[in-house]
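With PDB, C-alpha atoms inside, this is upload.pdb:
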```
ATOM      1  CA  MET A   1     -20.229  -5.802   1.875
ATOM      2  CA  ILE A   2     -21.906  -8.880   3.345
ATOM      3  CA  GLY A   3     -23.142 -11.248   0.651
ATOM      4  CA  THR A   4     -22.048 -12.469  -2.762
ATOM      5  CA  TRP A   5     -20.860 -10.163  -5.539
ATOM      6  CA  ARG A   6     -20.225 -10.579  -9.265
ATOM      7  CA  GLY A   7     -16.872  -9.016 -10.130
ATOM      8  CA  THR A   8     -15.413  -7.995 -13.480
ATOM      9  CA  GLY A   9     -11.662  -7.387 -13.511
ATOM     10  CA  THR A  10      -9.285  -5.762 -15.965
ATOM     11  CA  SER A  11      -5.513  -5.467 -15.756
ATOM     12  CA  ALA A  12      -3.552  -2.420 -16.817
ATOM     13  CA  ALA A  13      -1.644  -2.752 -20.080
ATOM     14  CA  PRO A  14       0.830  -0.558 -21.956
ATOM     15  CA  PRO A  15      -0.710   1.690 -24.641
ATOM     16  CA  GLY A  16      -1.727  -0.366 -27.665
ATOM     17  CA  ALA A  17      -1.598  -3.668 -25.742
ATOM     18  CA  LYS A  18      -4.544  -5.728 -24.575
ATOM     19  CA  GLY A  19      -4.966  -6.136 -20.835
ATOM     20  CA  ASP A  20      -6.324  -9.255 -19.139
ATOM     21  CA  PHE A  21     -10.050  -9.577 -18.452
ATOM     22  CA  TRP A  22     -11.737 -11.928 -16.004
ATOM     23  CA  THR A  23     -14.838 -12.420 -13.889
ATOM     24  CA  GLU A  24     -14.790 -13.444 -10.252
ATOM     25  CA  THR A  25     -17.229 -14.165  -7.431
ATOM     26  CA  ILE A  26     -16.586 -12.420  -4.115
ATOM     27  CA  SER A  27     -18.365 -13.650  -0.965
ATOM     28  CA  TRP A  28     -18.175 -11.720   2.318
ATOM     29  CA  GLU A  29     -19.501 -13.071   5.634
ATOM     30  CA  TRP A  30     -19.256 -12.258   9.324
ATOM     31  CA  GLN A  31     -17.131 -14.373  11.669
ATOM     32  CA  PHE A  32     -17.582 -14.283  15.453
ATOM     33  CA  LYS A  33     -15.468 -15.645  18.303
ATOM     34  CA  GLY A  34     -16.246 -14.466  21.826
ATOM     35  CA  LYS A  35     -16.262 -10.662  21.707
ATOM     36  CA  ASP A  36     -14.246 -10.613  18.477
ATOM     37  CA  ALA A  37     -15.892 -10.051  15.079
ATOM     38  CA  TRP A  38     -14.395  -9.736  11.613
ATOM     39  CA  LEU A  39     -15.239 -10.201   7.957
ATOM     40  CA  LYS A  40     -14.105 -13.227   5.983
ATOM     41  CA  VAL A  41     -13.931 -13.180   2.181
ATOM     42  CA  ALA A  42     -13.740 -16.016  -0.363
ATOM     43  CA  ILE A  43     -12.915 -15.142  -3.971
ATOM     44  CA  GLU A  44     -13.539 -17.624  -6.778
ATOM     45  CA  LYS A  45     -11.953 -17.409 -10.254
ATOM     46  CA  SER A  46      -9.804 -14.401  -9.331
ATOM     47  CA  LYS A  47      -6.341 -14.068 -10.845
ATOM     48  CA  ASN A  48      -5.046 -12.393  -7.671
ATOM     49  CA  PHE A  49      -6.618 -13.613  -4.406
ATOM     50  CA  ILE A  50      -8.532 -16.620  -3.112
ATOM     51  CA  SER A  51      -9.501 -15.593   0.431
ATOM     52  CA  GLY A  52      -8.923 -13.104   3.214
ATOM     53  CA  GLU A  53      -9.959 -11.420   6.447
ATOM     54  CA  LEU A  54     -10.866  -7.815   7.220
ATOM     55  CA  ARG A  55     -10.621  -6.611  10.828
ATOM     56  CA  TYR A  56     -11.063  -3.290  12.586
ATOM     57  CA  LEU A  57      -8.578  -2.386  15.314
ATOM     58  CA  PRO A  58     -10.415   0.146  17.545
ATOM     59  CA  ASP A  59      -7.347   0.957  19.681
ATOM     60  CA  LYS A  60      -5.464   2.069  16.532
ATOM     61  CA  GLY A  61      -8.439   3.417  14.566
ATOM     62  CA  GLU A  62      -7.412   1.396  11.525
ATOM     63  CA  TYR A  63      -8.255  -1.738   9.580
ATOM     64  CA  THR A  64      -6.167  -4.765   8.686
ATOM     65  CA  LEU A  65      -6.745  -6.784   5.544
ATOM     66  CA  THR A  66      -5.001 -10.121   5.094
ATOM     67  CA  LEU A  67      -5.300 -11.755   1.669
ATOM     68  CA  LEU A  68      -4.181 -15.139   0.381
ATOM     69  CA  THR A  69      -2.946 -15.391  -3.221
ATOM     70  CA  PRO A  70      -3.416 -18.444  -5.497
ATOM     71  CA  ALA A  71       0.278 -19.233  -4.799
ATOM     72  CA  LYS A  72      -0.608 -19.332  -1.048
ATOM     73  CA  ASP A  73       1.325 -16.146  -0.251
ATOM     74  CA  LYS A  74      -0.212 -14.166   2.606
ATOM     75  CA  LEU A  75      -0.297 -10.389   2.089
ATOM     76  CA  ALA A  76      -1.048  -8.161   5.110
ATOM     77  CA  PHE A  77      -2.264  -4.585   4.610
ATOM     78  CA  THR A  78      -3.226  -1.820   7.050
ATOM     79  CA  GLY A  79      -5.511   1.058   6.212
ATOM     80  CA  THR A  80      -8.232   3.520   7.049
ATOM     81  CA  LEU A  81     -11.811   4.271   6.019
ATOM     82  CA  LYS A  82     -12.618   7.784   4.839
ATOM     83  CA  GLU A  83     -15.838   8.801   3.062
ATOM     84  CA  ARG A  84     -16.707   5.234   1.958
ATOM     85  CA  VAL A  85     -13.182   4.539   0.674
ATOM     86  CA  LEU A  86     -10.977   1.924   2.383
ATOM     87  CA  THR A  87      -7.309   2.515   1.532
ATOM     88  CA  PHE A  88      -4.850  -0.234   2.471
ATOM     89  CA  GLN A  89      -1.064  -0.203   2.073
ATOM     90  CA  ARG A  90       1.879  -2.516   2.550
ATOM     91  CA  GLU A  91       5.553  -2.564   1.585
ATOM     92  CA  GLN A  92       7.565  -5.457   0.187
ATOM     93  CA  ASP A  93      11.212  -5.243  -0.907
ATOM     94  CA  GLY A  94      10.965  -1.449  -1.107
ATOM     95  CA  GLU A  95       7.868  -1.546  -3.312
ATOM     96  CA  GLN A  96       4.796   0.270  -1.976
ATOM     97  CA  GLN A  97       1.566  -1.653  -2.648
ATOM     98  CA  ARG A  98      -1.889  -0.141  -2.276
ATOM     99  CA  LEU A  99      -5.358  -1.742  -2.381
ATOM    100  CA  VAL A 100      -8.260   0.717  -2.520
ATOM    101  CA  ILE A 101     -11.889  -0.380  -1.988
ATOM    102  CA  THR A 102     -14.551   2.188  -2.905
ATOM    103  CA  LEU A 103     -18.100   1.517  -1.660
ATOM    104  CA  LEU A 104     -20.759   2.751  -4.101
ATOM    105  CA  HIS A 105     -24.501   3.016  -4.686
ATOM    106  CA  GLU A 106     -26.053   2.237  -1.302
ATOM    107  CA  GLY A 107     -24.301  -1.084  -0.872
ATOM    108  CA  GLU A 108     -25.118  -2.412  -4.342
ATOM    109  CA  ARG A 109     -21.667  -1.988  -5.894
ATOM    110  CA  PHE A 110     -18.023  -1.610  -4.921
ATOM    111  CA  LEU A 111     -14.778  -1.201  -6.799
ATOM    112  CA  TYR A 112     -11.308  -2.270  -5.814
ATOM    113  CA  ARG A 113      -8.002  -1.524  -7.456
ATOM    114  CA  TYR A 114      -4.418  -2.561  -6.856
ATOM    115  CA  ASP A 115      -1.622  -0.011  -7.337
ATOM    116  CA  VAL A 116       2.144  -0.309  -6.934
ATOM    117  CA  LYS A 117       4.996   2.168  -6.574
ATOM    118  CA  PRO A 118       8.410   0.582  -7.266
ATOM    119  CA  PRO A 119      11.477   1.818  -5.359
ATOM    120  CA  GLY A 120      12.667   5.168  -6.688
ATOM    121  CA  LYS A 121       9.369   6.005  -8.397
ATOM    122  CA  ALA A 122       7.299   9.021  -7.355
ATOM    123  CA  LEU A 123       3.831   7.814  -8.359
ATOM    124  CA  PHE A 124       1.667   4.736  -7.978
ATOM    125  CA  ALA A 125       0.729   2.817 -11.144
ATOM    126  CA  GLN A 126      -2.458   0.772 -11.370
ATOM    127  CA  ARG A 127      -1.979  -2.970 -11.886
ATOM    128  CA  TYR A 128      -5.639  -3.967 -12.090
ATOM    129  CA  LYS A 129      -9.168  -3.038 -11.022
ATOM    130  CA  VAL A 130     -12.364  -4.957 -10.310
ATOM    131  CA  GLY A 131     -15.934  -3.671 -10.300
ATOM    132  CA  ALA A 132     -18.386  -5.765  -8.255
ATOM    133  CA  THR A 133     -22.189  -5.774  -8.228
ATOM    134  CA  LYS A 134     -24.177  -7.476  -5.464
ATOM    135  CA  GLU A 135     -25.623 -10.830  -6.492
ATOM    136  CA  GLY A 136     -29.333 -10.613  -7.242
ATOM    137  CA  ILE A 137     -29.274  -6.867  -7.857
ATOM    138  CA  ALA A 138     -29.563  -5.507 -11.353
ATOM    139  CA  PHE A 139     -27.260  -2.537 -10.999
ATOM    140  CA  ALA A 140     -29.156  -0.402 -13.495
ATOM    141  CA  ALA A 141     -32.632  -1.772 -12.882
ATOM    142  CA  GLY A 142     -35.375   0.735 -12.373
ATOM    143  CA  ASP A 143     -33.320   3.832 -13.071
ATOM    144  CA  GLY A 144     -33.828   3.882 -16.839
ATOM    145  CA  LYS A 145     -30.128   3.269 -17.477
ATOM    146  CA  PRO A 146     -28.759   0.371 -19.540
ATOM    147  CA  GLU A 147     -27.181  -2.701 -18.003
ATOM    148  CA  CYS A 148     -23.739  -3.958 -19.026
ATOM    149  CA  VAL A 149     -24.307  -7.086 -21.101
ATOM    150  CA  VAL A 150     -21.133  -8.677 -19.634
ATOM    151  CA  SER A 151     -20.949  -7.707 -15.940
ATOM    152  CA  GLY A 152     -24.478  -6.540 -15.112
ATOM    153  CA  GLY A 153     -23.103  -3.136 -14.055
ATOM    154  CA  LEU A 154     -24.059   0.247 -15.482
ATOM    155  CA  GLY A 155     -23.739   0.173 -19.278
ATOM    156  CA  THR A 156     -22.033   3.292 -20.615
ATOM    157  CA  MET A 157     -20.696   2.251 -24.059
ATOM    158  CA  PRO A 158     -22.791   0.854 -26.924
ATOM    159  CA  VAL A 159     -21.817  -2.351 -28.717
ATOM    160  CA  THR A 160     -23.738  -4.141 -31.473
ATOM    161  CA  TYR A 161     -24.437  -7.748 -32.359
ATOM    162  CA  MET A 162     -26.725  -9.075 -35.104
ATOM    163  CA  GLY A 163     -28.019  -5.549 -35.710
ATOM    164  CA  LYS A 164     -29.035  -4.975 -32.077
ATOM    165  CA  THR A 165     -27.409  -2.497 -29.672
ATOM    166  CA  TYR A 166     -26.272  -3.553 -26.195
ATOM    167  CA  TYR A 167     -24.175  -1.715 -23.612
ATOM    168  CA  VAL A 168     -20.979  -2.426 -21.674
ATOM    169  CA  CYS A 169     -19.497  -0.649 -18.655
ATOM    170  CA  CYS A 170     -15.810  -0.494 -19.584
ATOM    171  CA  SER A 171     -13.268  -1.200 -22.290
ATOM    172  CA  GLY A 172     -12.466  -4.596 -20.735
ATOM    173  CA  CYS A 173     -16.104  -5.662 -21.031
ATOM    174  CA  ARG A 174     -16.220  -4.277 -24.590
ATOM    175  CA  THR A 175     -13.212  -6.395 -25.589
ATOM    176  CA  GLU A 176     -14.672  -9.470 -23.899
ATOM    177  CA  PHE A 177     -18.059  -8.914 -25.579
ATOM    178  CA  ASN A 178     -16.485  -8.462 -29.025
ATOM    179  CA  GLU A 179     -14.574 -11.743 -28.636
ATOM    180  CA  ASN A 180     -17.674 -13.790 -27.740
ATOM    181  CA  PRO A 181     -20.864 -11.767 -28.349
ATOM    182  CA  ALA A 182     -23.230 -14.738 -28.723
ATOM    183  CA  LYS A 183     -22.306 -16.046 -25.254
ATOM    184  CA  TYR A 184     -22.869 -12.713 -23.504
ATOM    185  CA  VAL A 185     -26.082 -11.896 -25.378
ATOM    186  CA  ALA A 186     -27.504 -15.316 -24.407
ATOM    187  CA  GLU A 187     -26.554 -14.784 -20.732
ATOM    188  CA  PHE A 188     -27.938 -11.237 -20.801
ATOM    189  CA  GLU A 189     -31.266 -12.364 -22.298
ATOM    190  CA  ALA A 190     -31.507 -15.169 -19.715
ATOM    191  CA  ARG A 191     -30.969 -12.639 -16.883
ATOM    192  CA  LYS A 192     -33.652 -10.360 -18.331
ATOM    193  CA  ALA A 193     -36.104 -13.251 -18.630
ATOM    194  CA  LYS A 194     -35.429 -14.326 -15.023
ATOM    195  CA  LYS A 195     -36.024 -10.775 -13.728
ATOM    196  CA  ALA A 196     -39.288 -10.525 -15.663
ATOM    197  CA  LYS A 197     -40.734 -13.542 -13.804
TER
END
```
Could the structure of this file be written out as structure tokens, please?
Amino acid sequence: MIGTWRGTGTSAAPPGAKGDFWTETISWEWQFKGKDAWLKVAIEKSKNFISGELRYLPDKGEYTLTLLTPAKDKLAFTGTLKERVLTFQREQDGEQQRLVITLLHEGERFLYRYDVKPPGKALFAQRYKVGATKEGIAFAAGDGKPECVVSGGLGTMPVTYMGKTYYVCCSGCRTEFNENPAKYVAEFEARKAKKAK
């Protein structure tokens, strides 16, 4: 996870309603003090968090994740790593909150989602999710698969603009593309030109 990542986020919305869409930059780096080591994260343009720390507690066999919200609230989670999935949980006022980070594609992509389970409810409901691709890596490059014109991730859905077909990775990116296609096509073409150099 060390390095800078381009993130594309979408919030959950009731059927028929439009969810929020945003992009964010996530930067992870090591921190060292004596024999202690942990990861520090800074998140720019996120609707949910601005910074945090990830630590491993070897005596407990678990991780702690502390995140700071834009309102300066500090949220502390504990969790475990199993098969490249970090699952963190916390409780506040009877509400169960879960943050799940899934590591994908040999360190080139990760996803995180935030779920909540209000008091008295049996199941978690997703509040939002973010897909992140490592800065400088074209997620689909070299594998013959299309690149998302918005996020740079794996394009799975076709969209068209000025008679030309492009691809997006999710419905959030499709909505964002349809609202401002000229902007995203220009950015996409600039990325392609830079990679060709």
Result set of the PyMOL selection byres ((chain A and resi 169) around 12) on the coordinates above, as a PyMOL selection string: chain A and resi 8-10+130-133+139-140+145-159+166-168+170-177
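Coordinates place CA of Glu135 (chain A) at a distance of 27.2 Å from CA of Lys74 (chain A).
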Shell of 12 Å around Leu123 (chain A), all atoms listed in the file, local chain residues under 6 positions omitted, as a list in words: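 So the residues in contact are Glu95, Gln96, Gln97, Arg98, Asp115, Val116 and Lys117 of chain A.
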Chain and number of each residue from the PyMOL selection byres ((chain A and resi 72) around 12), as a ChimeraX atom specification: /A:48-52,66-71,73-75
Selected residue, from A:Thr64, A:Gln92, A:Ser11, A:Gln31, that lies nearest to Gly79 (chain A) when counting all atoms listed in the file: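 Result for the nearest residue to Gly79 (chain A): A:Thr64.
Nearest-residue note for Arg84 (chain A): choosing from A:Met1, A:Ala42, A:Ala190, A:Leu57, the minimum distance belongs to A:Met1, counting only C-alpha atoms.
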Residues matched by the PyMOL selection byres ((chain A and resi 54) around 6) as a PyMOL selection string: chain A and resi 38-39+53+55+64-65
